[in-house]
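**Q** This is the content of model-v1.csv (CSV, C-alpha atoms and all ligand atoms):
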chain,number,residue,atom,x,y,z
G,103,MET,CA,20.0,-54.7,-8.6
G,104,ASN,CA,23.0,-52.5,-7.8
G,105,ILE,CA,23.4,-51.7,-11.5
G,106,LEU,CA,19.7,-50.8,-11.8
G,107,LEU,CA,20.0,-48.4,-8.9
G,108,LEU,CA,23.1,-46.8,-10.4
G,109,VAL,CA,21.6,-46.4,-13.8
G,110,PHE,CA,18.2,-45.1,-12.6
G,111,PRO,CA,18.8,-43.1,-9.5
G,112,ILE,CA,17.3,-39.8,-10.9
G,113,PRO,CA,14.1,-41.2,-12.3
G,114,LEU,CA,13.6,-43.2,-9.1
G,115,LEU,CA,14.0,-40.1,-7.0
G,116,THR,CA,11.7,-38.2,-9.3
G,117,VAL,CA,9.0,-40.9,-8.9
G,118,LEU,CA,9.4,-40.8,-5.1
G,119,PHE,CA,9.1,-37.0,-4.8
G,120,ALA,CA,6.4,-36.7,-7.5
G,121,GLN,CA,4.0,-38.6,-5.3
G,122,PRO,CA,1.8,-36.3,-3.4
G,123,ILE,CA,2.6,-36.5,0.3
G,124,TYR,CA,-1.0,-37.4,1.0
G,125,GLY,CA,-1.3,-39.4,-2.2
G,126,PHE,CA,-2.4,-42.7,-0.7
G,127,GLU,CA,-5.1,-40.9,1.2
G,128,SER,CA,-6.3,-39.3,-2.0
G,129,LEU,CA,-6.3,-42.6,-3.8
G,130,GLY,CA,-8.4,-44.2,-1.1
G,131,ALA,CA,-10.8,-41.4,-0.9
G,132,HIS,CA,-11.5,-40.7,-4.6
G,133,ASP,CA,-12.0,-42.7,-7.7
G,134,VAL,CA,-9.7,-40.4,-9.6
G,135,PRO,CA,-6.6,-39.3,-7.7
G,136,HIS,CA,-6.1,-35.5,-7.9
G,137,PHE,CA,-2.3,-35.1,-7.8
G,138,ARG,CA,-1.3,-31.7,-6.6
G,139,THR,CA,1.6,-29.7,-8.0
G,140,LEU,CA,4.2,-29.9,-5.2
G,141,PRO,CA,4.4,-28.0,-2.9
G,142,CYS,CA,0.8,-26.8,-3.2
G,143,PRO,CA,-2.0,-28.5,-1.2
G,144,ASN,CA,-4.5,-30.8,-2.9
G,145,PRO,CA,-6.8,-28.6,-4.9
G,146,GLU,CA,-10.0,-30.1,-3.5
G,147,ASP,CA,-8.8,-29.5,0.1
G,148,ILE,CA,-8.5,-25.7,-0.5
G,149,ALA,CA,-11.3,-25.1,-3.0
G,150,PRO,CA,-12.5,-22.5,-3.9
G,151,CYS,CA,-9.0,-21.1,-3.3
G,152,ILE,CA,-6.5,-21.8,-6.0
G,153,CYS,CA,-2.9,-22.5,-5.3
G,154,THR,CA,-0.4,-21.8,-8.0
G,155,TYR,CA,3.2,-22.8,-7.8
G,156,THR,CA,5.8,-20.9,-9.9
G,157,ALA,CA,8.7,-23.3,-10.0
G,158,ASP,CA,11.3,-20.8,-11.3
G,159,LYS,CA,10.6,-18.5,-8.4
G,160,GLY,CA,9.9,-21.3,-6.0
G,161,VAL,CA,6.8,-19.4,-4.8
G,162,MET,CA,3.2,-20.6,-4.1
G,163,ASP,CA,0.4,-18.0,-4.4
G,164,MET,CA,-3.1,-18.5,-3.0
G,165,ASP,CA,-5.9,-16.9,-4.9
G,166,CYS,CA,-9.0,-16.9,-2.6
G,167,MET,CA,-11.0,-14.3,-4.5
G,168,ASN,CA,-13.9,-16.7,-4.8
G,169,ILE,CA,-14.2,-17.5,-1.1
G,170,SER,CA,-17.8,-16.8,0.1
G,171,ASP,CA,-17.3,-16.0,3.8
G,172,GLU,CA,-15.0,-16.2,6.8
G,173,GLU,CA,-16.1,-19.7,7.7
G,174,GLU,CA,-15.0,-21.1,4.3
G,175,LEU,CA,-11.7,-19.2,4.6
G,176,TYR,CA,-11.1,-20.7,8.0
G,177,GLN,CA,-11.8,-24.3,6.6
G,178,VAL,CA,-9.4,-23.8,3.8
G,179,PHE,CA,-6.5,-22.8,6.1
G,180,HIS,CA,-7.3,-25.5,8.6
G,181,SER,CA,-7.2,-28.2,5.9
G,182,LEU,CA,-4.1,-30.2,5.1
G,183,ILE,CA,-1.5,-27.8,4.0
G,184,PRO,CA,1.9,-29.6,3.8
G,185,ILE,CA,3.9,-26.5,3.3
G,186,PRO,CA,2.1,-23.4,4.6
G,187,THR,CA,4.5,-20.7,3.3
G,188,PHE,CA,2.9,-18.7,0.6
G,189,GLY,CA,3.9,-15.7,-1.6
G,190,LYS,CA,0.8,-13.7,-2.6
G,191,LEU,CA,-2.6,-14.1,-0.9
G,192,SER,CA,-5.6,-12.5,-2.7
G,193,LEU,CA,-8.9,-12.1,-0.8
G,194,PRO,CA,-12.2,-10.3,-1.6
G,195,SER,CA,-13.0,-7.3,0.5
G,196,ASP,CA,-16.7,-7.6,-0.3
G,197,ARG,CA,-17.4,-11.1,1.1
G,198,LEU,CA,-15.4,-11.0,4.3
G,199,THR,CA,-16.3,-8.8,7.3
G,200,THR,CA,-13.7,-9.9,9.9
G,201,LEU,CA,-10.3,-11.6,9.6
G,202,THR,CA,-9.8,-13.2,13.0
G,203,ASP,CA,-6.5,-13.9,14.6
G,204,GLU,CA,-6.9,-17.7,14.0
G,205,VAL,CA,-8.2,-17.7,10.4
G,206,PHE,CA,-4.8,-18.5,8.7
G,207,ARG,CA,-3.6,-20.9,11.4
G,208,VAL,CA,0.2,-21.3,10.7
G,209,ALA,CA,0.2,-20.0,7.1
G,210,THR,CA,2.7,-17.3,6.2
G,211,PHE,CA,2.5,-14.8,3.4
G,212,GLU,CA,4.7,-12.3,1.6
G,213,ASP,CA,2.2,-10.1,-0.2
G,214,VAL,CA,-1.4,-9.8,0.9
G,215,ILE,CA,-4.0,-8.1,-1.3
G,216,ILE,CA,-7.6,-7.6,-0.3
G,217,ASN,CA,-9.7,-5.9,-2.9
G,218,CYS,CA,-12.8,-6.0,-5.0
G,219,SER,CA,-13.9,-4.5,-8.3
G,220,ASN,CA,-14.8,-0.8,-8.7
G,221,ASP,CA,-18.5,-1.1,-8.1
G,222,CYS,CA,-18.4,-3.6,-5.2
G,223,GLU,CA,-19.7,-2.8,-1.7
G,224,PRO,CA,-16.8,-3.5,0.7
G,225,THR,CA,-17.7,-5.3,3.9
G,226,LEU,CA,-14.3,-6.0,5.4
G,227,THR,CA,-14.4,-4.0,8.7
G,228,THR,CA,-12.1,-5.7,11.1
G,229,VAL,CA,-8.6,-7.2,10.9
G,230,GLY,CA,-7.3,-8.8,14.1
G,231,PRO,CA,-4.1,-7.7,15.8
G,232,ASN,CA,-2.7,-11.1,15.2
G,233,THR,CA,-4.3,-12.1,11.9
G,234,PHE,CA,-1.0,-12.1,10.1
G,235,ILE,CA,1.2,-12.6,13.1
G,236,LYS,CA,2.8,-15.8,11.6
G,237,SER,CA,4.0,-13.6,8.8
G,238,VAL,CA,6.1,-11.2,11.0
G,239,SER,CA,9.3,-12.1,9.2
G,240,THR,CA,7.8,-12.7,5.7
G,241,LEU,CA,5.2,-10.0,5.0
G,242,MET,CA,6.5,-7.4,2.6
G,243,SER,CA,3.3,-5.7,1.5
G,244,LEU,CA,-0.3,-5.3,2.8
G,245,THR,CA,-2.7,-3.8,0.3
G,246,MET,CA,-6.4,-3.2,1.0
G,247,TYR,CA,-8.9,-1.3,-1.1
G,248,PRO,CA,-11.8,-0.6,-1.0
G,249,THR,CA,-12.7,-1.7,2.5
G,250,ASN,CA,-15.0,-0.7,5.4
G,251,ILE,CA,-12.0,-0.4,7.7
G,252,SER,CA,-12.2,2.6,10.1
G,253,GLU,CA,-9.9,1.1,12.7
G,254,PHE,CA,-6.9,-1.1,12.2
G,255,PRO,CA,-4.2,-2.5,14.6
G,256,PHE,CA,-1.6,0.0,13.2
G,257,ASP,CA,0.5,-0.4,16.3
G,258,THR,CA,1.4,-4.0,15.2
G,259,ILE,CA,3.0,-2.9,11.9
G,260,GLN,CA,6.3,-2.4,13.7
G,261,GLU,CA,6.5,-6.1,14.4
G,262,TYR,CA,6.7,-7.0,10.7
G,263,VAL,CA,10.5,-6.8,10.2
G,264,ASN,CA,10.4,-6.9,6.4
G,265,ILE,CA,7.3,-4.9,5.5
G,266,ASN,CA,8.0,-2.3,2.9
G,267,ALA,CA,4.5,-1.2,1.7
G,268,PHE,CA,1.3,-0.5,3.5
G,269,ILE,CA,-1.7,0.5,1.4
G,270,LEU,CA,-5.2,1.2,2.7
G,271,ASN,CA,-7.3,3.1,0.2
G,272,ASP,CA,-11.0,3.9,-0.3
G,273,SER,CA,-11.8,3.2,3.3
G,274,PRO,CA,-13.6,5.2,6.1
G,275,LEU,CA,-10.4,5.8,7.9
G,276,SER,CA,-11.1,9.1,9.7
G,277,ILE,CA,-8.0,9.5,11.7
G,278,PHE,CA,-4.5,9.6,10.3
G,279,PRO,CA,-2.8,6.5,11.8
G,280,THR,CA,0.3,6.4,14.0
G,281,ILE,CA,2.7,3.9,12.4
G,282,SER,CA,6.2,2.9,13.5
G,283,SER,CA,8.3,0.9,11.1
G,284,GLU,CA,12.0,0.7,10.5
G,285,THR,CA,11.4,-0.9,7.1
G,286,LEU,CA,8.4,0.8,5.5
G,287,LEU,CA,9.3,2.5,2.2
G,288,THR,CA,5.8,3.2,0.9
G,289,LEU,CA,2.7,4.4,2.7
G,290,VAL,CA,-0.4,4.9,0.6
G,291,LEU,CA,-3.6,6.2,2.2
G,292,ILE,CA,-5.7,7.4,-0.8
G,293,ASN,CA,-9.3,8.4,-0.7
G,294,ASP,CA,-9.9,7.8,3.0
G,295,THR,CA,-11.7,10.3,5.2
G,296,PHE,CA,-9.1,11.8,7.5
G,297,ARG,CA,-8.7,15.6,7.3
G,298,GLU,CA,-5.6,16.2,9.5
G,299,ILE,CA,-2.0,15.1,9.5
G,300,PRO,CA,-0.9,16.0,13.0
G,301,ALA,CA,2.6,17.1,13.9
G,302,HIS,CA,5.0,14.3,14.8
G,303,ILE,CA,2.7,11.6,13.4
G,304,LEU,CA,5.4,10.5,10.8
G,305,ASP,CA,8.3,10.6,13.3
G,306,GLU,CA,8.9,6.8,13.4
G,307,LEU,CA,9.2,6.0,9.7
G,308,PRO,CA,12.9,6.5,9.1
G,309,ASN,CA,13.1,4.8,5.8
G,310,LEU,CA,9.9,6.1,4.2
G,311,LYS,CA,10.5,7.1,0.6
G,312,GLN,CA,7.0,7.4,-0.9
G,313,LEU,CA,3.9,9.0,0.7
G,314,GLU,CA,0.7,9.1,-1.2
G,315,LEU,CA,-2.3,10.8,0.5
G,316,GLY,CA,-4.4,12.0,-2.4
G,317,TRP,CA,-8.2,12.3,-2.5
G,318,ASN,CA,-8.5,13.0,1.2
G,319,SER,CA,-10.0,16.3,2.5
G,320,ILE,CA,-6.8,17.2,4.2
G,321,ASP,CA,-7.1,20.8,5.4
G,322,SER,CA,-4.8,20.6,8.5
G,323,LEU,CA,-1.1,19.9,8.4
G,324,GLY,CA,1.2,19.9,11.4
G,325,LYS,CA,4.3,22.1,11.4
G,326,ASP,CA,7.4,20.2,10.4
G,327,VAL,CA,5.3,17.0,9.8
G,328,PHE,CA,7.5,15.8,6.9
G,329,ALA,CA,10.8,17.1,8.3
G,330,SER,CA,11.2,13.9,10.3
G,331,LEU,CA,11.5,11.8,7.1
G,332,PRO,CA,15.2,11.7,6.4
G,333,ASP,CA,14.9,10.0,3.1
G,334,ILE,CA,11.5,10.9,1.7
G,335,ARG,CA,11.6,11.1,-2.2
G,336,GLN,CA,8.0,11.8,-3.1
G,337,ILE,CA,5.0,13.4,-1.4
G,338,VAL,CA,1.7,13.3,-3.3
G,339,MET,CA,-1.4,15.0,-1.9
G,340,VAL,CA,-3.6,15.6,-4.9
G,341,ASN,CA,-7.3,16.5,-4.6
G,342,GLY,CA,-7.1,17.6,-1.0
G,343,GLY,CA,-8.6,20.5,0.9
G,344,LEU,CA,-5.5,22.6,1.5
G,345,ARG,CA,-6.2,26.3,1.3
G,346,HIS,CA,-3.6,28.4,3.2
G,347,LEU,CA,-0.1,27.0,3.6
G,348,HIS,CA,1.8,28.1,6.6
G,349,SER,CA,5.5,28.4,7.7
G,350,ARG,CA,7.3,25.0,7.9
G,351,GLN,CA,4.3,22.8,6.9
G,352,PHE,CA,6.4,21.3,4.2
G,353,ALA,CA,9.8,21.8,5.8
G,354,VAL,CA,12.1,19.2,4.4
G,355,THR,CA,15.3,17.6,5.7
G,356,SER,CA,15.6,14.8,3.1
G,357,PRO,CA,18.2,15.7,0.4
G,358,ASN,CA,16.4,13.2,-1.9
G,359,LEU,CA,12.9,14.7,-2.1
G,360,TYR,CA,12.4,15.4,-5.8
G,361,VAL,CA,8.7,16.2,-6.0
G,362,ILE,CA,5.8,17.5,-3.9
G,363,VAL,CA,2.5,17.2,-5.8
G,364,LEU,CA,-0.3,19.4,-4.5
G,365,GLU,CA,-2.4,19.4,-7.7
G,366,SER,CA,-6.1,20.2,-7.4
G,367,ASN,CA,-6.2,21.5,-3.8
G,368,LEU,CA,-7.7,24.9,-3.0
G,369,ILE,CA,-4.4,26.7,-2.2
G,370,GLU,CA,-4.8,30.5,-2.2
G,371,THR,CA,-1.8,31.6,-0.1
G,372,VAL,CA,1.6,30.3,0.8
G,373,ASP,CA,3.5,31.9,3.6
G,374,PRO,CA,7.3,32.3,3.5
G,375,ASP,CA,9.3,29.3,4.8
G,376,THR,CA,6.5,26.9,4.1
G,377,PHE,CA,8.9,24.7,2.0
G,378,ILE,CA,12.1,25.6,3.9
G,379,GLY,CA,14.9,23.2,3.2
G,380,LEU,CA,13.7,22.2,-0.2
G,381,GLN,CA,16.3,22.1,-2.9
G,382,SER,CA,16.4,21.2,-6.6
G,383,SER,CA,12.9,19.7,-6.4
G,384,THR,CA,9.6,20.3,-8.2
G,385,ILE,CA,6.6,21.7,-6.4
G,386,GLN,CA,3.5,20.9,-8.5
G,387,LEU,CA,0.7,23.3,-7.8
G,388,VAL,CA,-1.4,22.8,-10.9
G,389,GLY,CA,-5.1,23.6,-10.5
G,390,ASN,CA,-5.0,25.6,-7.3
G,391,LYS,CA,-6.3,29.1,-6.5
G,392,LEU,CA,-3.1,31.1,-6.3
G,393,THR,CA,-3.4,34.7,-7.5
G,394,LEU,CA,-0.1,36.2,-6.3
G,395,LEU,CA,3.5,35.0,-6.2
G,396,PRO,CA,5.0,37.0,-3.3
G,397,GLU,CA,8.8,37.3,-3.6
G,398,ALA,CA,9.4,36.5,0.1
G,399,THR,CA,7.9,33.0,-0.4
G,400,TRP,CA,9.1,32.0,-3.8
G,401,LYS,CA,12.4,33.8,-4.5
G,402,PRO,CA,14.4,31.7,-2.0
G,403,LEU,CA,13.0,28.5,-3.5
G,404,LEU,CA,13.8,29.4,-7.1
G,405,ASP,CA,17.3,30.5,-5.9
G,406,SER,CA,17.7,26.9,-4.5
G,407,GLY,CA,16.9,25.4,-7.8
G,408,VAL,CA,13.2,24.5,-7.1
G,409,ILE,CA,10.9,24.2,-10.1
G,410,LEU,CA,7.3,25.5,-9.8
G,411,GLN,CA,4.5,24.1,-11.9
G,412,LEU,CA,1.6,26.7,-11.7
G,413,ALA,CA,-0.7,26.0,-14.6
G,414,GLY,CA,-4.4,26.3,-13.8
G,415,ASN,CA,-4.0,29.1,-11.3
G,416,ASP,CA,-5.5,32.6,-11.7
G,417,LEU,CA,-2.3,34.5,-11.4
G,418,THR,CA,-2.7,38.2,-11.8
G,419,CYS,CA,0.2,39.4,-13.9
G,420,GLY,CA,0.6,42.7,-12.1
G,421,CYS,CA,3.7,44.2,-10.4
G,422,ASP,CA,3.5,41.4,-7.9
G,423,VAL,CA,5.4,39.1,-10.3
G,424,ALA,CA,7.8,41.8,-11.5
G,425,TRP,CA,10.6,40.2,-9.5
G,426,ILE,CA,10.2,37.1,-11.7
G,427,VAL,CA,9.6,38.9,-15.0
G,428,LEU,CA,12.7,41.1,-14.6
G,429,GLU,CA,15.1,38.2,-13.8
G,430,PRO,CA,15.4,35.9,-16.9
G,431,THR,CA,17.3,33.2,-14.9
G,432,TYR,CA,13.9,32.4,-13.2
G,433,HIS,CA,12.0,31.9,-16.4
G,434,PRO,CA,12.9,28.2,-17.0
G,435,LEU,CA,11.9,27.4,-13.4
G,436,VAL,CA,8.4,28.7,-13.5
C,1,LIG,C1,-14.0,-17.5,-9.6
C,1,LIG,O1,-15.2,-18.0,-10.1
C,1,LIG,C2,-15.5,-17.6,-11.5
C,1,LIG,C3,-16.9,-18.0,-11.8
C,1,LIG,O2,-17.2,-19.2,-11.2
C,1,LIG,C4,-14.5,-18.2,-12.4
C,1,LIG,O3,-14.7,-17.8,-13.7
C,1,LIG,C5,-13.1,-17.7,-11.9
C,1,LIG,O4,-12.1,-18.3,-12.7
C,1,LIG,C6,-12.8,-18.0,-10.5
C,1,LIG,N1,-11.6,-17.4,-10.1
C,1,LIG,C7,-10.8,-17.8,-9.1
C,1,LIG,C8,-9.6,-17.1,-8.9
C,1,LIG,O5,-11.1,-18.8,-8.5
C,2,LIG,C1,-7.1,-6.5,-7.1
C,2,LIG,O1,-5.8,-6.0,-7.2
C,2,LIG,C2,-5.0,-6.8,-8.1
C,2,LIG,C3,-3.6,-6.3,-8.0
C,2,LIG,O2,-3.5,-4.9,-8.0
C,2,LIG,C4,-5.5,-6.7,-9.5
C,2,LIG,O3,-4.7,-7.4,-10.4
C,2,LIG,C5,-6.9,-7.2,-9.5
C,2,LIG,O4,-7.5,-7.0,-10.8
C,2,LIG,C6,-7.8,-6.5,-8.4
C,2,LIG,N1,-9.0,-7.2,-8.3
C,2,LIG,C7,-10.2,-6.5,-8.5
C,2,LIG,C8,-11.4,-7.4,-8.3
C,2,LIG,O5,-10.2,-5.3,-8.7
C,3,LIG,C1,-19.1,-0.8,8.1
C,3,LIG,O1,-18.6,-0.7,9.4
C,3,LIG,C2,-19.5,-0.1,10.3
C,3,LIG,C3,-18.9,0.0,11.7
C,3,LIG,O2,-17.7,0.7,11.6
C,3,LIG,C4,-20.8,-0.9,10.4
C,3,LIG,O3,-21.7,-0.3,11.2
C,3,LIG,C5,-21.4,-1.1,9.0
C,3,LIG,O4,-22.5,-2.0,9.0
C,3,LIG,C6,-20.3,-1.7,8.0
C,3,LIG,N1,-20.8,-1.7,6.7
C,3,LIG,C7,-20.7,-2.8,5.9
C,3,LIG,C8,-21.3,-2.7,4.5
C,3,LIG,O5,-20.3,-3.9,6.3
C,4,LIG,C1,-13.3,6.9,-3.1
C,4,LIG,O1,-13.8,5.8,-2.4
C,4,LIG,C2,-15.2,5.6,-2.5
C,4,LIG,C3,-15.6,4.5,-1.6
C,4,LIG,O2,-15.0,4.6,-0.3
C,4,LIG,C4,-15.6,5.3,-4.0
C,4,LIG,O3,-16.9,5.2,-4.1
C,4,LIG,C5,-15.0,6.5,-4.8
C,4,LIG,O4,-15.2,6.1,-6.2
C,4,LIG,C6,-13.6,6.7,-4.6
C,4,LIG,N1,-13.1,7.8,-5.3
C,4,LIG,C7,-12.0,7.8,-6.0
C,4,LIG,C8,-11.7,9.1,-6.7
C,4,LIG,O5,-11.3,6.8,-6.2
Do you think you could lay out the structure here as structure tokens?

**A**
Amino acid sequence: MNILLLVFPIPLLTVLFAQPIYGFESLGAHDVPHFRTLPCPNPEDIAPCICTYTADKGVMDMDCMNISDEEELYQVFHSLIPIPTFGKLSLPSDRLTTLTDEVFRVATFEDVIINCSNDCEPTLTTVGPNTFIKSVSTLMSLTMYPTNISEFPFDTIQEYVNINAFILNDSPLSIFPTISSETLLTLVLINDTFREIPAHILDELPNLKQLELGWNSIDSLGKDVFASLPDIRQIVMVNGGLRHLHSRQFAVTSPNLYVIVLESNLIETVDPDTFIGLQSSTIQLVGNKLTLLPEATWKPLLDSGVILQLAGNDLTCGCDVAWIVLEPTYHPLV
């Protein structure tokens, strides 16, 4: 007996742990036992969600793209889930309307993606302030597009101590949100419906590196709105409604900002000091409505090593640009 135990300790352990925790129950309840892959729940308990365990990463993902409504989602997360700590959660934004505070019970997630295909009609309208509250220390990204969300509990984002990306695209979000977060690196709000980025609205995002706000009709920008982002690297505002840029609207304090992309706006004029503080970066102004390049605006920037990309503008090559034409050191920069 002793010898057997000594010779076979590993297989014995394997057999013990390979048994599903609720294996006996499954055997009693069904003709054919459905053994789950530890540590996922039994597949029939969570259908139509599918749990996938990636052993080398030690992560369980939950794909619930085939869920039909909130009631079914609630049932899934109120079934027997031996280990309720998941990596990625995928949900459809065209079959759920509300994610209540209780829907996920005790389950935690690292990456949540709520989306649907290009031609879908998104119905997701409401996310509760505590829907993901169990994930305060695990959630790293929340990605939603398209949705019918016009209001979101943005004030709760600061509670998520590891969140680094928040993405809410293709949604009827008509007011630029106030978000505070010590950890957020990436904020993406593309193709929503807000038109204004008010001054000071980005003051509480000290680690933000990437800001993507394309395909909004933004035509109003607060003074110094980006100057409070000490480590911003990239600002992308393509396909917006900017027409006249005024002093300090793109004032910069981050030494690491390498590109501001303003392609396909309606920009006609740029006042001096609009981009004050910018150094050794690229300003991409392709496809705007610039006709003049006044020296007072652009010479200080070129002198700081800024590169301008100006294709697709109707620049009049008159004496206005003589200051560039006559100084060959500017030629590689324009
Ligand atoms: C969803 O359902 C479709 C059709 O029944 C199936 O082909 C697909 O594999 C399912 N996907 C998931 C993630 O459950
Ligand atoms: C949802 O997003 C994920 C990740 O970006 C992607 O792989 C998937 O194809 C998307 N689903 C739909 C229905 O577009
Ligand atoms: C979208 O949300 C609005 C309320 O904000 C609601 O009136 C409308 O019915 C919702 N649309 C869909 C398709 O769910
Ligand atoms: C913007 O979002 C709407 C739905 O809100 C969608 O129909 C449209 O295709 C999107 N446009 C782009 C350029 O992604």

**Q** Taking 6 positions as the minimum chain separation for residues in the same chain, which residues sit within 12 Å of stretch 323-326 of chain G when counting all atoms listed in the file? Answer as a ChimeraX atom specification.

**A** /G:278,296-305,339,342-355,375-379

**Q** Using only C-alpha atoms and all ligand atoms, pick whichever of G:Trp317, G:Tyr155, G:Phe188, G:Tyr176 has the shortest atom-to-atom distance to ligand LIG 4 (chain C).

**A**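 Using only C-alpha atoms and all ligand atoms, the shortest distance to ligand LIG 4 (chain C) belongs to G:Trp317.
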
**Q** Compare G:Val427, G:Ile251, G:Leu201, G:Leu140 by their minimum atom-to-atom distance to ligand LIG 4 (chain C), counting only C-alpha atoms and all ligand atoms, and give me the closest one.

**A**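 Answer, going by the shortest atom-to-atom distance: G:Ile251.
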
**Q** For ligand LIG 2 (chain C), list the contacting residues at 10 Å or closer, counting all atoms listed in the file, as a list in words.

**A**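 Going residue by residue within 10 Å of ligand LIG 2 (chain C), we get Met167, Ser192, Leu193, Pro194, Ser195, Asp196, Val214, Ile215, Ile216, Asn217, Cys218, Ser219, Asn220, Asp221, Cys222, Thr245, Met246, Tyr247 and Pro248 of chain G.
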
**Q** Using all atoms listed in the file, determine which residues lie at most 12 Å from G:Asn367, disregarding the query and same-chain residues fewer than 4 positions distant; provide the list as a short mmCIF file (atom, residue, chain, number, x, y, z; two decimals) with C-alpha atoms, in the frame of the given file.

**A**
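Output saved as around.cif:
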data_model
loop_
_atom_site.label_atom_id
_atom_site.label_comp_id
_atom_site.auth_asym_id
_atom_site.auth_seq_id
_atom_site.Cartn_x
_atom_site.Cartn_y
_atom_site.Cartn_z
CA GLY G 316 -4.40 12.00 -2.40
CA TRP G 317 -8.20 12.30 -2.50
CA ASN G 318 -8.50 13.00 1.20
CA SER G 319 -10.00 16.30 2.50
CA ILE G 320 -6.80 17.20 4.20
CA ASP G 321 -7.10 20.80 5.40
CA VAL G 338 1.70 13.30 -3.30
CA MET G 339 -1.40 15.00 -1.90
CA VAL G 340 -3.60 15.60 -4.90
CA ASN G 341 -7.30 16.50 -4.60
CA GLY G 342 -7.10 17.60 -1.00
CA GLY G 343 -8.60 20.50 0.90
CA LEU G 344 -5.50 22.60 1.50
CA ARG G 345 -6.20 26.30 1.30
CA HIS G 346 -3.60 28.40 3.20
CA LEU G 347 -0.10 27.00 3.60
CA VAL G 363 2.50 17.20 -5.80
CA THR G 371 -1.80 31.60 -0.10
CA GLN G 386 3.50 20.90 -8.50
CA LEU G 387 0.70 23.30 -7.80
CA VAL G 388 -1.40 22.80 -10.90
CA GLY G 389 -5.10 23.60 -10.50
CA ASN G 390 -5.00 25.60 -7.30
CA LYS G 391 -6.30 29.10 -6.50
CA LEU G 392 -3.10 31.10 -6.30
CA GLY G 414 -4.40 26.30 -13.80
CA ASN G 415 -4.00 29.10 -11.30
#

**Q** With ligand LIG 3 (chain C) as the partner and 7 Å as the cut-off, tabulate the residues of chain G that qualify, each row holding the nearest pair of atoms and their distance in Å to one decimal, using only C-alpha atoms and all ligand atoms, sorted by chain and rising number, as a Markdown table.

**A**
| residue | atom | partner | partner_atom | distance |
| --- | --- | --- | --- | --- |
| G:Thr199 | CA | C:LIG3 | O5 | 6.4 |
| G:Glu223 | CA | C:LIG3 | C8 | 6.4 |
| G:Pro224 | CA | C:LIG3 | C8 | 5.9 |
| G:Thr225 | CA | C:LIG3 | O5 | 3.8 |
| G:Leu226 | CA | C:LIG3 | O5 | 6.4 |
| G:Thr227 | CA | C:LIG3 | O1 | 5.4 |
| G:Asn250 | CA | C:LIG3 | C1 | 4.9 |
| G:Ile251 | CA | C:LIG3 | O1 | 6.8 |
| G:Ser252 | CA | C:LIG3 | O2 | 6.0 |

**Q** Kindly indicate which residue among G:Pro434, G:Leu380, G:Ser282, G:Glu146 lies nearest to G:Phe328, using only C-alpha atoms for the distances.

**A**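 Smallest separation from G:Phe328 among the options: G:Leu380.
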
**Q** May I ask you to write as a PyMOL selection string all residues lying at most 12 Å from ligand LIG 1 (chain C), with only C-alpha atoms and all ligand atoms counted?

**A** chain G and resi 145+148-154+163-170+191-194

**Q** Which neighbours of G:Asn358 fall inside 8 Å, counting all atoms listed in the file, when residues of the same chain fewer than 4 positions from it are skipped, and could you give them as an mmCIF file with C-alpha atoms, in the frame of the given file?

**A**
data_model
loop_
_atom_site.group_PDB
_atom_site.id
_atom_site.type_symbol
_atom_site.label_atom_id
_atom_site.label_comp_id
_atom_site.auth_asym_id
_atom_site.auth_seq_id
_atom_site.Cartn_x
_atom_site.Cartn_y
_atom_site.Cartn_z
ATOM 1 C CA ASP G 333 14.900 10.000 3.100
ATOM 2 C CA ILE G 334 11.500 10.900 1.700
ATOM 3 C CA ARG G 335 11.600 11.100 -2.200
#

**Q** Give me, as number ranges by chain, the set of residues whose atoms come within 6 Å of any atom of ligand LIG 4 (chain C), counting all atoms listed in the file.

**A** G: 272-273, 293

**Q** Between atom CA of G:Ala329 and atom CA of G:Trp400, measure the distance and give it in Å to one decimal.

**A**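 Here the two named atoms are 19.3 Å from each other.
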
**Q** Please provide as an MDAnalysis selection string all residues within 12 Å of G:Val408, with the sequence filter that same-chain residues fewer than 2 positions apart are discarded (counting only C-alpha atoms).

**A** chainID G and resid 359:362 377:386 400:406 410:411 432:436

**Q** Taking 6 positions as the minimum chain separation for residues in the same chain, which residues sit within 9 Å of G:Leu307 when counting all atoms listed in the file? Answer as a count of residues only.

**A** 10

**Q** Can you work out the spacing between atom CA of G:Phe206 and atom CA of G:Phe179 in Å, to one decimal?

**A**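 Computing the Euclidean distance for atom CA of G:Phe206 and atom CA of G:Phe179 yields 5.3 Å.
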
**Q** Expressed in Å to a single decimal, how great is the separation between atom CA of G:Glu306 and atom CA of G:Asp373?

**A**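 Rounded to one decimal, the two atoms are 27.5 Å apart.
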
**Q** List every protein, DNA or RNA residue with an atom no more than 12 Å from (-0.9, 40.9, -12.7) in the file's coordinates, counting only C-alpha atoms, and format the result as a list of chain:residue names.

**A**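 Answer for this query, in the requested form: G:Leu392, G:Thr393, G:Leu394, G:Leu395, G:Pro396, G:Asp416, G:Leu417, G:Thr418, G:Cys419, G:Gly420, G:Cys421, G:Asp422, G:Val423, G:Ala424, G:Trp425, G:Ile426, G:Val427.
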
**Q** Determine the nearest neighbour of G:Tyr262 from the options G:Thr249, G:Pro231, G:Pro279, G:Asn144, counting all atoms listed in the file.

**A**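 Going through G:Thr249, G:Pro231, G:Pro279, G:Asn144 one by one, the smallest distance to G:Tyr262 is for G:Pro231.
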
**Q** From the list G:Ser243, G:Gln336, G:Ser356, G:Ser276, which residue is nearest G:Ile259 when using only C-alpha atoms?

**A**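 Smallest distance to G:Ile259 is found for G:Ser243.
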
**Q** From the list G:Thr156, G:Ser237, G:Asn309, G:Thr288, which residue is nearest G:Pro186 when using only C-alpha atoms?

**A**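 Residue with the minimum atom-to-atom distance to G:Pro186: G:Ser237.
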